[in-house]
Amino acid sequence: MIEISAQVDLSHPSDRVWQALTKPQLLSRWFTETETVTQAPQRLLLHTAGLPGFHAAVDAEVTDQRAPELLVLQCQEGDRRTQLTCTITRTAEGCRLSVQETMEHGTWPAEDRDHRERYYQQTLTGRLPAILDWLAFQQVDLRRGEDPPTAELPAIALSGRVPAPADRRRRLAIIAAVTAATLATSAALWALLPGDADQTAAPAPLPPPPTAGATNDSAPPRTTRSSRPSSAAARSTPRPSRTPTATPSRTLTSAAPSAATMTARYETTATRLFGYTGQVVLDNPDGPAAKSWTLVVTLAEDGTITNAQGANWQQDGQAVTFTGAPVPAGQSQTITFDVRNPDPRTKAPEGCTIDGTPCTGL
């Protein structure tokens, strides 16, 4: 029986994810400090004492591995013995990493199990993608002058949108943007990738959702573009030609009372070289439970949602539509999502609305 599970969809090939799972120097930078037992190369010592859900270091032994698809570890933590299974499955955008841990001997208090599962999910969706982006960036060869100008452009090649040879100028422009942004992002990236001097520090959990947000009414709600009237009608009756444009505006205005009870605030909770993690908190401060709601997040050009939690979602171009269960009066609903974007300067969506009302925080 699976007692702890976590997973993430990644825009990276399975070979790169396998490296981050099996190389101790990389595992130390996104999960916890790791040592290889010299006398037994298949054994690892994970310095997990003090991490959420852990009370001691973990002595882990590899019992099965099939690169780059499966890694099975038997873990001894004090008087607990568990089996940790990491499965990598290829997807259209890259791969999916699933982590499952089952108890073989001992017990797990419910609080420890919940904290541990949350820590797994946070590291999989926050620090691991930062390491993978860093590994991908090492493969960009900016010195080659022939076409194609780069051995690999991870943010594009891994998402399935590899430019054609005719787009050489666009690829060069993207490489130039990556190069220009490297100095600006290096400090933040190396803050996530601690050096040898501070590898003993445990990775910090993601910050909790904010308790309040400032009201921002400066951004108007997005309206529906009206269809163009025929040229003959435009010449003969200029006044009616303006009527279709005004109709959508009246429709949105009439829906305002039902949307007024719902508010939303946006926050970028984690950043990576080629993407970020966003969070939207929906609030229903008073009145009856909202029977339905629609959250629309507008991503920057070429942005792609790779993982989302807290709502049903669908992406159509730059617009991502989230829907979910009713929100009772006085309660909140939290939605988190991971965004992959080839432009390293993009660290937030272009827009966010809840039932046509702008979110705060953008």
# chains A, B, ... in the order shown; residues from 1 in each chain; ligands from 1
>>> closest_atom_pairs(of="range 59-101 of chain A", to="range 105-110 of chain A", cutoff="9 Å", atoms="only C-alpha atoms", output="JSON lines")
{"residue": "A:Asp79", "atom": "CA", "partner": "A:Gly106", "partner_atom": "CA", "distance": 6.3}
{"residue": "A:Arg80", "atom": "CA", "partner": "A:Gly106", "partner_atom": "CA", "distance": 4.7}
{"residue": "A:Arg81", "atom": "CA", "partner": "A:His105", "partner_atom": "CA", "distance": 4.9}
{"residue": "A:Thr82", "atom": "CA", "partner": "A:His105", "partner_atom": "CA", "distance": 6.8}
>>> residues_around(residues="Glu77 in chain A", least_positions_apart="2", cutoff="12 Å", atoms="only C-alpha atoms", output="list in words")
Leu45, Leu46, His47, Thr48, Ala49, Gly53, Phe54, His55, Ala56, Ala57, Val58, Asp59, Ala60, Glu61, Gln74, Cys75, Asp79, Arg80, Arg81, Thr82, Gln83, Met103, Glu104, His105, Gly106, Thr107 and Trp108 of chain A
>>> atom_distance(atom1="CA of Arg272 in chain A", atom2="CA of Trp134 in chain A")
8.7 Å
>>> residues_around(residues="Phe274 in chain A", least_positions_apart="6", cutoff="6 Å", atoms="only C-alpha atoms", output="PyMOL selection string")
chain A and resi 341-342+344
>>> select_by_dssp(residues="range 3-127 of chain A", states="alpha helix (DSSP H)", output="ChimeraX atom specification")
/A:14-22,24-30,110-122
>>> residues_around(residues="Leu132 in chain A", least_positions_apart="3", cutoff="8 Å", atoms="only C-alpha atoms", output="PyMOL selection string")
chain A and resi 12+16-17+20+128-129+135-136
>>> select_by_dssp(residues="range 256-342 of chain A", states="strand (DSSP E)", output="short mmCIF file (atom, residue, chain, number, x, y, z; two decimals) with all heavy atoms, in the first residue's frame")
data_model
loop_
_atom_site.label_atom_id
_atom_site.label_comp_id
_atom_site.auth_asym_id
_atom_site.auth_seq_id
_atom_site.Cartn_x
_atom_site.Cartn_y
_atom_site.Cartn_z
N THR A 263 -12.75 37.05 -5.03
CA THR A 263 -11.54 37.82 -5.32
C THR A 263 -10.38 36.85 -5.47
O THR A 263 -10.46 35.68 -5.05
CB THR A 263 -11.23 38.82 -4.19
OG1 THR A 263 -10.99 38.10 -2.97
CG2 THR A 263 -12.37 39.80 -3.99
N ALA A 264 -9.31 37.29 -6.09
CA ALA A 264 -8.15 36.44 -6.31
C ALA A 264 -6.88 37.27 -6.20
O ALA A 264 -6.85 38.43 -6.60
CB ALA A 264 -8.23 35.77 -7.69
N ARG A 265 -5.85 36.66 -5.65
CA ARG A 265 -4.54 37.33 -5.57
C ARG A 265 -3.47 36.39 -6.08
O ARG A 265 -3.48 35.18 -5.78
CB ARG A 265 -4.24 37.76 -4.12
CG ARG A 265 -4.23 36.65 -3.10
CD ARG A 265 -4.04 37.23 -1.68
NE ARG A 265 -3.90 36.21 -0.66
CZ ARG A 265 -4.90 35.65 -0.01
NH1 ARG A 265 -6.14 36.01 -0.31
NH2 ARG A 265 -4.68 34.73 0.91
N TYR A 266 -2.55 36.93 -6.87
CA TYR A 266 -1.50 36.14 -7.51
C TYR A 266 -0.15 36.37 -6.83
O TYR A 266 0.14 37.49 -6.36
CB TYR A 266 -1.37 36.50 -9.00
CG TYR A 266 -0.15 35.85 -9.62
CD1 TYR A 266 -0.18 34.53 -10.07
CD2 TYR A 266 1.07 36.54 -9.71
CE1 TYR A 266 0.94 33.93 -10.58
CE2 TYR A 266 2.20 35.95 -10.23
CZ TYR A 266 2.13 34.64 -10.67
OH TYR A 266 3.26 34.03 -11.17
N GLU A 267 0.69 35.32 -6.81
CA GLU A 267 2.05 35.45 -6.30
C GLU A 267 2.95 34.44 -7.03
O GLU A 267 2.55 33.29 -7.27
CB GLU A 267 2.12 35.17 -4.80
CG GLU A 267 3.53 35.30 -4.22
CD GLU A 267 3.63 34.88 -2.77
OE1 GLU A 267 2.65 34.32 -2.25
OE2 GLU A 267 4.68 35.11 -2.16
N THR A 268 4.15 34.87 -7.41
CA THR A 268 5.17 33.96 -7.92
C THR A 268 5.92 33.40 -6.73
O THR A 268 6.62 34.13 -6.01
CB THR A 268 6.14 34.68 -8.87
OG1 THR A 268 5.42 35.17 -10.02
CG2 THR A 268 7.24 33.73 -9.36
N THR A 269 5.80 32.09 -6.49
CA THR A 269 6.37 31.49 -5.28
C THR A 269 7.75 30.89 -5.50
O THR A 269 8.47 30.63 -4.54
CB THR A 269 5.44 30.40 -4.73
OG1 THR A 269 5.24 29.39 -5.74
CG2 THR A 269 4.08 31.00 -4.34
N ALA A 270 8.13 30.65 -6.75
CA ALA A 270 9.47 30.11 -7.04
C ALA A 270 9.83 30.48 -8.46
O ALA A 270 8.97 30.58 -9.34
CB ALA A 270 9.50 28.59 -6.86
N THR A 271 11.13 30.73 -8.69
CA THR A 271 11.60 31.06 -10.03
C THR A 271 12.72 30.12 -10.43
O THR A 271 13.46 29.62 -9.58
CB THR A 271 12.13 32.52 -10.10
OG1 THR A 271 13.21 32.68 -9.17
CG2 THR A 271 11.02 33.50 -9.76
N ARG A 272 12.80 29.88 -11.74
CA ARG A 272 13.86 29.06 -12.31
C ARG A 272 14.40 29.76 -13.53
O ARG A 272 13.85 30.77 -13.98
CB ARG A 272 13.30 27.67 -12.69
CG ARG A 272 12.75 26.91 -11.49
CD ARG A 272 12.13 25.59 -11.90
NE ARG A 272 10.88 25.75 -12.61
CZ ARG A 272 9.72 25.95 -12.01
NH1 ARG A 272 9.64 26.05 -10.70
NH2 ARG A 272 8.63 26.08 -12.72
N GLY A 275 11.62 29.33 -16.23
CA GLY A 275 10.25 29.23 -15.80
C GLY A 275 10.05 29.68 -14.37
O GLY A 275 10.94 30.24 -13.74
N TYR A 276 8.87 29.39 -13.84
CA TYR A 276 8.53 29.83 -12.49
C TYR A 276 7.32 29.03 -11.99
O TYR A 276 6.66 28.32 -12.76
CB TYR A 276 8.20 31.32 -12.45
CG TYR A 276 7.06 31.73 -13.36
CD1 TYR A 276 5.74 31.78 -12.89
CD2 TYR A 276 7.29 32.06 -14.69
CE1 TYR A 276 4.70 32.15 -13.72
CE2 TYR A 276 6.24 32.43 -15.54
CZ TYR A 276 4.96 32.48 -15.05
OH TYR A 276 3.93 32.83 -15.87
N THR A 277 7.05 29.14 -10.69
CA THR A 277 5.86 28.55 -10.08
C THR A 277 4.95 29.69 -9.63
O THR A 277 5.39 30.58 -8.90
CB THR A 277 6.22 27.66 -8.89
OG1 THR A 277 7.04 26.58 -9.34
CG2 THR A 277 4.95 27.09 -8.24
N GLY A 278 3.70 29.66 -10.09
CA GLY A 278 2.74 30.69 -9.71
C GLY A 278 1.68 30.14 -8.78
O GLY A 278 1.40 28.93 -8.76
N GLN A 279 1.11 31.03 -8.00
CA GLN A 279 0.04 30.64 -7.06
C GLN A 279 -1.06 31.70 -7.07
O GLN A 279 -0.77 32.89 -7.03
CB GLN A 279 0.62 30.50 -5.65
CG GLN A 279 -0.44 30.21 -4.58
CD GLN A 279 0.17 30.07 -3.20
OE1 GLN A 279 0.64 29.00 -2.83
NE2 GLN A 279 0.18 31.14 -2.44
N VAL A 280 -2.31 31.24 -7.15
CA VAL A 280 -3.46 32.12 -7.07
C VAL A 280 -4.35 31.64 -5.92
O VAL A 280 -4.70 30.46 -5.86
CB VAL A 280 -4.26 32.14 -8.38
CG1 VAL A 280 -5.49 33.03 -8.24
CG2 VAL A 280 -3.40 32.64 -9.53
N VAL A 281 -4.67 32.54 -5.00
CA VAL A 281 -5.57 32.23 -3.89
C VAL A 281 -6.92 32.89 -4.17
O VAL A 281 -7.00 34.12 -4.31
CB VAL A 281 -4.99 32.72 -2.55
CG1 VAL A 281 -5.97 32.41 -1.42
CG2 VAL A 281 -3.65 32.07 -2.28
N LEU A 282 -7.98 32.07 -4.27
CA LEU A 282 -9.33 32.56 -4.48
C LEU A 282 -10.01 32.72 -3.12
O LEU A 282 -9.95 31.81 -2.28
CB LEU A 282 -10.14 31.58 -5.34
CG LEU A 282 -9.53 31.14 -6.67
CD1 LEU A 282 -10.48 30.20 -7.38
CD2 LEU A 282 -9.21 32.35 -7.54
N ASP A 283 -10.66 33.86 -2.90
CA ASP A 283 -11.35 34.13 -1.64
C ASP A 283 -12.82 34.40 -1.90
O ASP A 283 -13.18 35.12 -2.84
CB ASP A 283 -10.74 35.36 -0.94
CG ASP A 283 -9.34 35.08 -0.41
OD1 ASP A 283 -9.18 34.04 0.26
OD2 ASP A 283 -8.43 35.87 -0.68
N ASN A 284 -13.68 33.80 -1.07
CA ASN A 284 -15.10 34.11 -1.06
C ASN A 284 -15.39 34.71 0.32
O ASN A 284 -15.75 34.00 1.26
CB ASN A 284 -15.94 32.86 -1.30
CG ASN A 284 -17.43 33.18 -1.39
OD1 ASN A 284 -17.81 34.33 -1.54
ND2 ASN A 284 -18.25 32.15 -1.29
N THR A 294 -14.55 30.98 -12.73
CA THR A 294 -13.61 30.77 -13.84
C THR A 294 -12.42 31.69 -13.64
O THR A 294 -12.57 32.92 -13.60
CB THR A 294 -14.28 31.07 -15.19
OG1 THR A 294 -15.41 30.21 -15.35
CG2 THR A 294 -13.29 30.83 -16.33
N LEU A 295 -11.27 31.09 -13.50
CA LEU A 295 -10.01 31.84 -13.38
C LEU A 295 -9.27 31.73 -14.70
O LEU A 295 -9.05 30.63 -15.21
CB LEU A 295 -9.16 31.26 -12.24
CG LEU A 295 -7.75 31.85 -12.09
CD1 LEU A 295 -7.81 33.28 -11.57
CD2 LEU A 295 -6.91 30.98 -11.15
N VAL A 296 -8.90 32.86 -15.28
CA VAL A 296 -8.16 32.87 -16.54
C VAL A 296 -6.80 33.52 -16.29
O VAL A 296 -6.73 34.68 -15.87
CB VAL A 296 -8.92 33.64 -17.64
CG1 VAL A 296 -8.10 33.66 -18.93
CG2 VAL A 296 -10.28 32.99 -17.90
N VAL A 297 -5.74 32.77 -16.54
CA VAL A 297 -4.37 33.27 -16.42
C VAL A 297 -3.79 33.37 -17.82
O VAL A 297 -3.80 32.40 -18.58
CB VAL A 297 -3.51 32.34 -15.54
CG1 VAL A 297 -2.06 32.81 -15.52
CG2 VAL A 297 -4.07 32.27 -14.13
N THR A 298 -3.31 34.56 -18.17
CA THR A 298 -2.72 34.80 -19.49
C THR A 298 -1.21 34.74 -19.38
O THR A 298 -0.59 35.60 -18.73
CB THR A 298 -3.15 36.16 -20.06
OG1 THR A 298 -4.58 36.22 -20.08
CG2 THR A 298 -2.62 36.35 -21.48
N THR A 304 4.14 27.67 -21.22
CA THR A 304 3.42 26.39 -21.19
C THR A 304 3.25 25.94 -19.74
O THR A 304 4.22 25.93 -18.98
CB THR A 304 4.18 25.30 -21.97
OG1 THR A 304 4.39 25.74 -23.31
CG2 THR A 304 3.39 24.01 -21.99
N ILE A 305 2.03 25.56 -19.37
CA ILE A 305 1.79 24.96 -18.06
C ILE A 305 2.28 23.52 -18.09
O ILE A 305 1.90 22.74 -18.97
CB ILE A 305 0.29 24.99 -17.71
CG1 ILE A 305 -0.20 26.43 -17.52
CG2 ILE A 305 0.03 24.17 -16.45
CD1 ILE A 305 0.18 27.06 -16.21
N THR A 306 3.15 23.14 -17.15
CA THR A 306 3.65 21.77 -17.09
C THR A 306 3.04 20.97 -15.94
O THR A 306 3.09 19.75 -15.96
CB THR A 306 5.18 21.76 -16.93
OG1 THR A 306 5.55 22.44 -15.72
CG2 THR A 306 5.85 22.45 -18.11
N ASN A 307 2.49 21.66 -14.95
CA ASN A 307 1.89 20.96 -13.80
C ASN A 307 1.01 21.95 -13.06
O ASN A 307 1.35 23.13 -12.94
CB ASN A 307 2.99 20.44 -12.87
CG ASN A 307 2.42 19.58 -11.75
OD1 ASN A 307 1.60 18.72 -11.99
ND2 ASN A 307 2.86 19.83 -10.53
N ALA A 308 -0.16 21.49 -12.59
CA ALA A 308 -1.07 22.36 -11.86
C ALA A 308 -1.81 21.56 -10.81
O ALA A 308 -2.10 20.37 -11.01
CB ALA A 308 -2.06 23.03 -12.80
N GLN A 309 -2.12 22.22 -9.68
CA GLN A 309 -2.84 21.57 -8.59
C GLN A 309 -3.89 22.52 -8.06
O GLN A 309 -3.70 23.73 -8.06
CB GLN A 309 -1.88 21.18 -7.46
CG GLN A 309 -0.83 20.16 -7.86
CD GLN A 309 0.09 19.81 -6.71
OE1 GLN A 309 0.01 20.37 -5.63
NE2 GLN A 309 0.98 18.86 -6.94
N ASN A 312 -9.27 22.12 -12.08
CA ASN A 312 -9.20 21.62 -13.45
C ASN A 312 -8.70 22.74 -14.34
O ASN A 312 -9.02 23.91 -14.12
CB ASN A 312 -10.57 21.14 -13.92
CG ASN A 312 -11.12 20.01 -13.06
OD1 ASN A 312 -10.38 19.12 -12.67
ND2 ASN A 312 -12.41 20.06 -12.77
N TRP A 313 -7.92 22.42 -15.36
CA TRP A 313 -7.36 23.48 -16.20
C TRP A 313 -7.22 23.01 -17.63
O TRP A 313 -7.15 21.83 -17.93
CB TRP A 313 -6.00 23.93 -15.66
CG TRP A 313 -4.93 22.87 -15.67
CD1 TRP A 313 -4.74 21.87 -14.74
CD2 TRP A 313 -3.93 22.66 -16.67
NE1 TRP A 313 -3.68 21.08 -15.10
CE2 TRP A 313 -3.16 21.54 -16.27
CE3 TRP A 313 -3.59 23.33 -17.85
CZ2 TRP A 313 -2.08 21.07 -17.02
CZ3 TRP A 313 -2.51 22.86 -18.60
CH2 TRP A 313 -1.78 21.74 -18.17
N GLN A 314 -7.20 24.02 -18.52
CA GLN A 314 -7.03 23.77 -19.95
C GLN A 314 -6.33 24.97 -20.56
O GLN A 314 -6.71 26.12 -20.29
CB GLN A 314 -8.37 23.52 -20.63
CG GLN A 314 -8.25 23.21 -22.12
CD GLN A 314 -9.60 22.87 -22.74
OE1 GLN A 314 -10.62 22.92 -22.07
NE2 GLN A 314 -9.59 22.54 -24.02
N GLN A 315 -5.30 24.73 -21.37
CA GLN A 315 -4.56 25.82 -22.00
C GLN A 315 -4.93 25.93 -23.47
O GLN A 315 -5.00 24.93 -24.19
CB GLN A 315 -3.05 25.61 -21.87
CG GLN A 315 -2.23 26.74 -22.51
CD GLN A 315 -0.76 26.70 -22.13
OE1 GLN A 315 -0.33 25.88 -21.33
NE2 GLN A 315 0.02 27.59 -22.71
N ASP A 316 -5.20 27.16 -23.91
CA ASP A 316 -5.50 27.45 -25.30
C ASP A 316 -4.66 28.66 -25.69
O ASP A 316 -5.01 29.80 -25.39
CB ASP A 316 -6.99 27.72 -25.49
CG ASP A 316 -7.37 27.97 -26.95
OD1 ASP A 316 -6.49 27.77 -27.83
OD2 ASP A 316 -8.50 28.38 -27.22
N ALA A 319 -3.81 31.66 -23.08
CA ALA A 319 -4.83 31.67 -22.03
C ALA A 319 -4.96 30.29 -21.39
O ALA A 319 -5.12 29.28 -22.08
CB ALA A 319 -6.17 32.11 -22.60
N VAL A 320 -4.89 30.25 -20.06
CA VAL A 320 -5.09 29.03 -19.29
C VAL A 320 -6.34 29.24 -18.42
O VAL A 320 -6.39 30.16 -17.61
CB VAL A 320 -3.88 28.70 -18.40
CG1 VAL A 320 -4.10 27.37 -17.70
CG2 VAL A 320 -2.60 28.68 -19.23
N THR A 321 -7.35 28.37 -18.60
CA THR A 321 -8.61 28.50 -17.88
C THR A 321 -8.69 27.45 -16.77
O THR A 321 -8.54 26.26 -17.04
CB THR A 321 -9.80 28.33 -18.83
OG1 THR A 321 -9.71 29.31 -19.88
CG2 THR A 321 -11.12 28.52 -18.10
N PHE A 322 -8.90 27.92 -15.53
CA PHE A 322 -9.04 27.04 -14.37
C PHE A 322 -10.49 27.07 -13.90
O PHE A 322 -11.10 28.14 -13.81
CB PHE A 322 -8.14 27.51 -13.22
CG PHE A 322 -6.67 27.46 -13.52
CD1 PHE A 322 -6.04 28.55 -14.11
CD2 PHE A 322 -5.91 26.34 -13.20
CE1 PHE A 322 -4.68 28.51 -14.38
CE2 PHE A 322 -4.56 26.30 -13.47
CZ PHE A 322 -3.93 27.39 -14.07
N THR A 323 -11.03 25.91 -13.56
CA THR A 323 -12.36 25.81 -12.96
C THR A 323 -12.29 24.81 -11.82
O THR A 323 -11.41 23.95 -11.78
CB THR A 323 -13.41 25.35 -13.99
OG1 THR A 323 -13.00 24.09 -14.55
CG2 THR A 323 -13.57 26.37 -15.11
N GLN A 331 -14.27 31.12 2.99
CA GLN A 331 -13.16 30.19 2.78
C GLN A 331 -12.40 30.55 1.50
O GLN A 331 -12.81 31.43 0.74
CB GLN A 331 -13.67 28.76 2.73
CG GLN A 331 -14.28 28.28 4.04
CD GLN A 331 -14.57 26.80 4.04
OE1 GLN A 331 -13.98 26.03 3.28
NE2 GLN A 331 -15.48 26.38 4.91
N SER A 332 -11.27 29.83 1.29
CA SER A 332 -10.39 30.12 0.16
C SER A 332 -10.07 28.84 -0.60
O SER A 332 -10.23 27.73 -0.07
CB SER A 332 -9.09 30.76 0.66
OG SER A 332 -9.34 31.97 1.34
N GLN A 333 -9.60 29.01 -1.82
CA GLN A 333 -9.14 27.91 -2.66
C GLN A 333 -7.79 28.32 -3.25
O GLN A 333 -7.66 29.41 -3.81
CB GLN A 333 -10.15 27.62 -3.78
CG GLN A 333 -9.68 26.63 -4.82
CD GLN A 333 -9.71 25.20 -4.28
OE1 GLN A 333 -10.40 24.93 -3.31
NE2 GLN A 333 -8.96 24.32 -4.90
N THR A 334 -6.77 27.46 -3.09
CA THR A 334 -5.42 27.78 -3.57
C THR A 334 -5.11 26.95 -4.81
O THR A 334 -5.31 25.73 -4.83
CB THR A 334 -4.37 27.50 -2.49
OG1 THR A 334 -4.65 28.32 -1.35
CG2 THR A 334 -2.97 27.84 -3.00
N ILE A 335 -4.60 27.61 -5.85
CA ILE A 335 -4.23 26.97 -7.11
C ILE A 335 -2.75 27.25 -7.35
O ILE A 335 -2.32 28.41 -7.29
CB ILE A 335 -5.07 27.49 -8.28
CG1 ILE A 335 -6.56 27.24 -8.01
CG2 ILE A 335 -4.64 26.86 -9.59
CD1 ILE A 335 -7.47 27.98 -8.97
N THR A 336 -1.97 26.23 -7.60
CA THR A 336 -0.56 26.40 -7.93
C THR A 336 -0.29 25.79 -9.31
O THR A 336 -0.93 24.81 -9.69
CB THR A 336 0.36 25.73 -6.89
OG1 THR A 336 0.06 24.32 -6.83
CG2 THR A 336 0.17 26.35 -5.52
N PHE A 337 0.64 26.38 -10.04
CA PHE A 337 0.96 25.88 -11.37
C PHE A 337 2.41 26.21 -11.72
O PHE A 337 2.95 27.22 -11.31
CB PHE A 337 0.01 26.46 -12.43
CG PHE A 337 -0.14 27.95 -12.39
CD1 PHE A 337 0.72 28.76 -13.13
CD2 PHE A 337 -1.11 28.56 -11.62
CE1 PHE A 337 0.60 30.14 -13.10
CE2 PHE A 337 -1.24 29.95 -11.58
CZ PHE A 337 -0.39 30.73 -12.32
N ASP A 338 3.02 25.30 -12.47
CA ASP A 338 4.40 25.47 -12.95
C ASP A 338 4.36 25.90 -14.41
O ASP A 338 3.63 25.30 -15.22
CB ASP A 338 5.20 24.18 -12.81
CG ASP A 338 5.33 23.74 -11.36
OD1 ASP A 338 5.57 24.62 -10.52
OD2 ASP A 338 5.19 22.55 -11.07
N VAL A 339 5.14 26.90 -14.74
CA VAL A 339 5.16 27.46 -16.09
C VAL A 339 6.56 27.31 -16.68
O VAL A 339 7.56 27.62 -16.02
CB VAL A 339 4.77 28.96 -16.10
CG1 VAL A 339 4.85 29.53 -17.51
CG2 VAL A 339 3.37 29.13 -15.54
N ARG A 340 6.60 26.81 -17.90
CA ARG A 340 7.85 26.71 -18.66
C ARG A 340 7.83 27.80 -19.72
O ARG A 340 6.86 27.93 -20.46
CB ARG A 340 7.94 25.34 -19.33
CG ARG A 340 9.19 25.11 -20.15
CD ARG A 340 10.34 24.76 -19.26
NE ARG A 340 11.54 24.49 -20.04
CZ ARG A 340 12.69 24.13 -19.49
NH1 ARG A 340 12.78 23.99 -18.20
NH2 ARG A 340 13.74 23.91 -20.24
#
>>> residues_around(residues="Leu362 in chain A", least_positions_apart="3", cutoff="9 Å", atoms="only C-alpha atoms", output="list in words")
Asn216, Arg265, Tyr266, Glu267, Ala348, Pro349, Glu350, Gly351, Cys352, Pro358 and Cys359 of chain A
>>> atom_distance(atom1="CA of Ile88 in chain A", atom2="CA of Glu33 in chain A")
22.3 Å
>>> residues_around(residues="Ile2 in chain A", least_positions_apart="4", cutoff="12 Å", atoms="only C-alpha atoms", output="count of residues only")
14
